[in-house]
Amino acid sequence: MGALWIAHVTVTDAEAYGKYAELAGPAIAKHGGEFIARGGRSVQLEGKERPRNVVARFPSVDAAVDCYNSPEYQAALNHARGASERELMVVETTD
């Protein structure tokens with residue numbers, strides 16, 4: 001089954017977060033991920049609102065978790081730490 005990587009983000013340092021985004025995209029693609037939503041319009045119906053929301057589709061939960069733990073993504077994540085407040089989850093799809 002496929003999986004969705006869902007991130008809810010408030011950027012606090014745009015320059016550092018820009019470096020994260022530059023490195024994260026290739027790391028995600030390397031692990032079979034493809035963006036299906038990346039910072040577009042959103043409407044918060046419940047919970048804490050974050051101005052930036054990102055969704056990527058992966059072939060499986062394992063592929064998404066492997067991506068997160070990969071050296072490439074961890075290198076990118078070093079730029080997001082301290083430059084954002086975020087929640088990230090992986091959800092298995094029903095396809």
# chains A, B, ... in the order shown; residues from 1 in each chain; ligands from 1

$ select_by_dssp --residues "chain A" --states "strand (DSSP E)" --output "VMD selection string"
chain A and resid 3 to 11 34 to 38 52 to 58 84 to 92

$ residues_around --residues "Tyr73 in chain A" --least-positions-apart "2" --cutoff "10 Å" --atoms "only C-alpha atoms" --output "NGL selection string"
:A and (20 or 23-28 or 30-31 or 66-71 or 75-78)

$ closest_residue --among "A:Arg50, A:Arg57, A:His8, A:His79" --to "Glu22 in chain A" --atoms "only C-alpha atoms"
A:His79

$ atom_distance --atom1 "CA of Glu46 in chain A" --atom2 "CA of Ala83 in chain A"
24.5 Å

$ select_by_dssp --residues "chain A" --states "helix (DSSP H, G or I)" --output "number ranges by chain"
A: 14-30, 61-69, 71-80

$ write_last_selection --atoms "N, CA and C atoms" --output "CSV table (one decimal), in the first residue's frame"
chain,number,residue,atom,x,y,z
A,14,ALA,N,13.2,32.0,7.1
A,14,ALA,CA,13.0,31.7,5.7
A,14,ALA,C,14.3,31.3,5.0
A,15,GLU,N,15.4,31.9,5.3
A,15,GLU,CA,16.6,31.6,4.6
A,15,GLU,C,17.1,30.2,4.9
A,16,ALA,N,17.1,29.8,6.2
A,16,ALA,CA,17.5,28.5,6.6
A,16,ALA,C,16.5,27.4,6.1
A,17,TYR,N,15.2,27.7,6.1
A,17,TYR,CA,14.2,26.8,5.7
A,17,TYR,C,14.3,26.6,4.2
A,18,GLY,N,14.7,27.6,3.4
A,18,GLY,CA,14.9,27.5,2.0
A,18,GLY,C,16.0,26.5,1.7
A,19,LYS,N,17.0,26.5,2.4
A,19,LYS,CA,18.1,25.5,2.2
A,19,LYS,C,17.5,24.1,2.5
A,20,TYR,N,16.7,23.9,3.6
A,20,TYR,CA,16.1,22.7,3.8
A,20,TYR,C,15.3,22.2,2.6
A,21,ALA,N,14.4,23.1,2.1
A,21,ALA,CA,13.6,22.7,1.0
A,21,ALA,C,14.4,22.3,-0.3
A,22,GLU,N,15.5,23.0,-0.5
A,22,GLU,CA,16.4,22.7,-1.6
A,22,GLU,C,17.0,21.3,-1.5
A,23,LEU,N,17.3,20.9,-0.3
A,23,LEU,CA,17.9,19.6,-0.1
A,23,LEU,C,16.9,18.5,0.1
A,24,ALA,N,15.7,18.8,0.7
A,24,ALA,CA,14.7,17.8,1.0
A,24,ALA,C,14.1,17.2,-0.3
A,25,GLY,N,13.8,18.1,-1.3
A,25,GLY,CA,13.1,17.6,-2.5
A,25,GLY,C,13.8,16.5,-3.2
A,26,PRO,N,15.2,16.6,-3.4
A,26,PRO,CA,15.9,15.5,-4.0
A,26,PRO,C,15.9,14.2,-3.1
A,27,ALA,N,16.0,14.4,-1.8
A,27,ALA,CA,16.0,13.3,-0.9
A,27,ALA,C,14.7,12.5,-1.0
A,28,ILE,N,13.6,13.3,-1.0
A,28,ILE,CA,12.3,12.7,-1.1
A,28,ILE,C,12.1,11.9,-2.4
A,29,ALA,N,12.5,12.6,-3.5
A,29,ALA,CA,12.4,11.9,-4.8
A,29,ALA,C,13.3,10.6,-4.9
A,30,LYS,N,14.4,10.7,-4.3
A,30,LYS,CA,15.3,9.5,-4.3
A,30,LYS,C,14.7,8.3,-3.7
A,61,VAL,N,4.7,3.0,3.5
A,61,VAL,CA,5.1,3.6,4.8
A,61,VAL,C,6.6,3.4,5.0
A,62,ASP,N,7.1,2.2,4.7
A,62,ASP,CA,8.5,1.9,4.9
A,62,ASP,C,9.4,2.8,4.1
A,63,ALA,N,9.0,3.1,2.8
A,63,ALA,CA,9.8,4.0,1.9
A,63,ALA,C,9.8,5.4,2.5
A,64,ALA,N,8.7,5.8,3.0
A,64,ALA,CA,8.6,7.2,3.6
A,64,ALA,C,9.5,7.3,4.9
A,65,VAL,N,9.4,6.3,5.7
A,65,VAL,CA,10.2,6.3,7.0
A,65,VAL,C,11.7,6.1,6.6
A,66,ASP,N,12.0,5.3,5.6
A,66,ASP,CA,13.4,5.2,5.2
A,66,ASP,C,13.9,6.5,4.7
A,67,CYS,N,13.1,7.2,3.9
A,67,CYS,CA,13.5,8.5,3.5
A,67,CYS,C,13.8,9.5,4.6
A,68,TYR,N,12.9,9.5,5.6
A,68,TYR,CA,13.1,10.4,6.8
A,68,TYR,C,14.4,10.1,7.5
A,69,ASN,N,14.8,8.8,7.6
A,69,ASN,CA,16.0,8.4,8.3
A,69,ASN,C,17.2,8.4,7.4
A,71,PRO,N,20.5,9.6,5.3
A,71,PRO,CA,21.5,10.6,5.5
A,71,PRO,C,21.2,11.9,4.7
A,72,GLU,N,20.6,11.7,3.5
A,72,GLU,CA,20.3,12.9,2.6
A,72,GLU,C,19.2,13.8,3.3
A,73,TYR,N,18.1,13.1,3.8
A,73,TYR,CA,17.1,13.9,4.4
A,73,TYR,C,17.5,14.4,5.7
A,74,GLN,N,18.2,13.7,6.5
A,74,GLN,CA,18.7,14.2,7.8
A,74,GLN,C,19.6,15.4,7.6
A,75,ALA,N,20.4,15.4,6.5
A,75,ALA,CA,21.2,16.6,6.2
A,75,ALA,C,20.3,17.8,5.9
A,76,ALA,N,19.2,17.6,5.2
A,76,ALA,CA,18.3,18.7,4.9
A,76,ALA,C,17.6,19.1,6.2
A,77,LEU,N,17.2,18.2,7.0
A,77,LEU,CA,16.5,18.4,8.2
A,77,LEU,C,17.3,19.3,9.2
A,78,ASN,N,18.6,19.2,9.1
A,78,ASN,CA,19.4,20.0,10.0
A,78,ASN,C,19.2,21.5,9.8
A,79,HIS,N,18.8,21.9,8.5
A,79,HIS,CA,18.5,23.3,8.2
A,79,HIS,C,17.1,23.7,8.7
A,80,ALA,N,16.2,22.7,8.8
A,80,ALA,CA,14.8,23.0,9.3
A,80,ALA,C,14.7,23.2,10.8

$ atom_distance --atom1 "CA of Ala56 in chain A" --atom2 "CA of Gly2 in chain A"
10.6 Å

$ residues_around --residues "Trp5 in chain A" --least-positions-apart "4" --cutoff "8 Å" --atoms "only C-alpha atoms" --output "list in words"
Val54, Val55, Ala56, Arg57, Phe58, Ala64, Leu88, Met89, Val90 and Val91 of chain A

$ write_last_selection --atoms "N, CA and C atoms" --output "PDB file, in the first residue's frame"
ATOM      1  N   VAL A  54       2.480  20.438   3.455  1.00  0.00           N
ATOM      2  CA  VAL A  54       3.108  19.699   2.366  1.00  0.00           C
ATOM      3  C   VAL A  54       2.653  18.245   2.440  1.00  0.00           C
ATOM      4  N   VAL A  55       2.302  17.692   1.283  1.00  0.00           N
ATOM      5  CA  VAL A  55       1.919  16.286   1.195  1.00  0.00           C
ATOM      6  C   VAL A  55       2.723  15.658   0.069  1.00  0.00           C
ATOM      7  N   ALA A  56       3.365  14.533   0.371  1.00  0.00           N
ATOM      8  CA  ALA A  56       4.093  13.767  -0.643  1.00  0.00           C
ATOM      9  C   ALA A  56       3.572  12.336  -0.614  1.00  0.00           C
ATOM     10  N   ARG A  57       3.487  11.748  -1.793  1.00  0.00           N
ATOM     11  CA  ARG A  57       3.048  10.355  -1.913  1.00  0.00           C
ATOM     12  C   ARG A  57       4.293   9.472  -2.027  1.00  0.00           C
ATOM     13  N   PHE A  58       4.300   8.371  -1.287  1.00  0.00           N
ATOM     14  CA  PHE A  58       5.383   7.383  -1.320  1.00  0.00           C
ATOM     15  C   PHE A  58       4.810   6.019  -1.671  1.00  0.00           C
ATOM     16  N   ALA A  64       8.666   5.848   3.037  1.00  0.00           N
ATOM     17  CA  ALA A  64       8.616   7.188   3.621  1.00  0.00           C
ATOM     18  C   ALA A  64       9.485   7.276   4.876  1.00  0.00           C
ATOM     19  N   LEU A  88       5.115  16.243  11.500  1.00  0.00           N
ATOM     20  CA  LEU A  88       5.269  15.391  10.315  1.00  0.00           C
ATOM     21  C   LEU A  88       4.746  14.012  10.655  1.00  0.00           C
ATOM     22  N   MET A  89       3.926  13.486   9.764  1.00  0.00           N
ATOM     23  CA  MET A  89       3.402  12.136   9.959  1.00  0.00           C
ATOM     24  C   MET A  89       3.396  11.403   8.639  1.00  0.00           C
ATOM     25  N   VAL A  90       3.359  10.081   8.721  1.00  0.00           N
ATOM     26  CA  VAL A  90       3.202   9.225   7.547  1.00  0.00           C
ATOM     27  C   VAL A  90       1.930   8.421   7.766  1.00  0.00           C
ATOM     28  N   VAL A  91       1.064   8.410   6.751  1.00  0.00           N
ATOM     29  CA  VAL A  91      -0.222   7.732   6.853  1.00  0.00           C
ATOM     30  C   VAL A  91      -0.338   6.756   5.685  1.00  0.00           C
TER      31      VAL A  91
END

$ atom_distance --atom1 "CA of Glu49 in chain A" --atom2 "CA of Phe35 in chain A"
20.6 Å
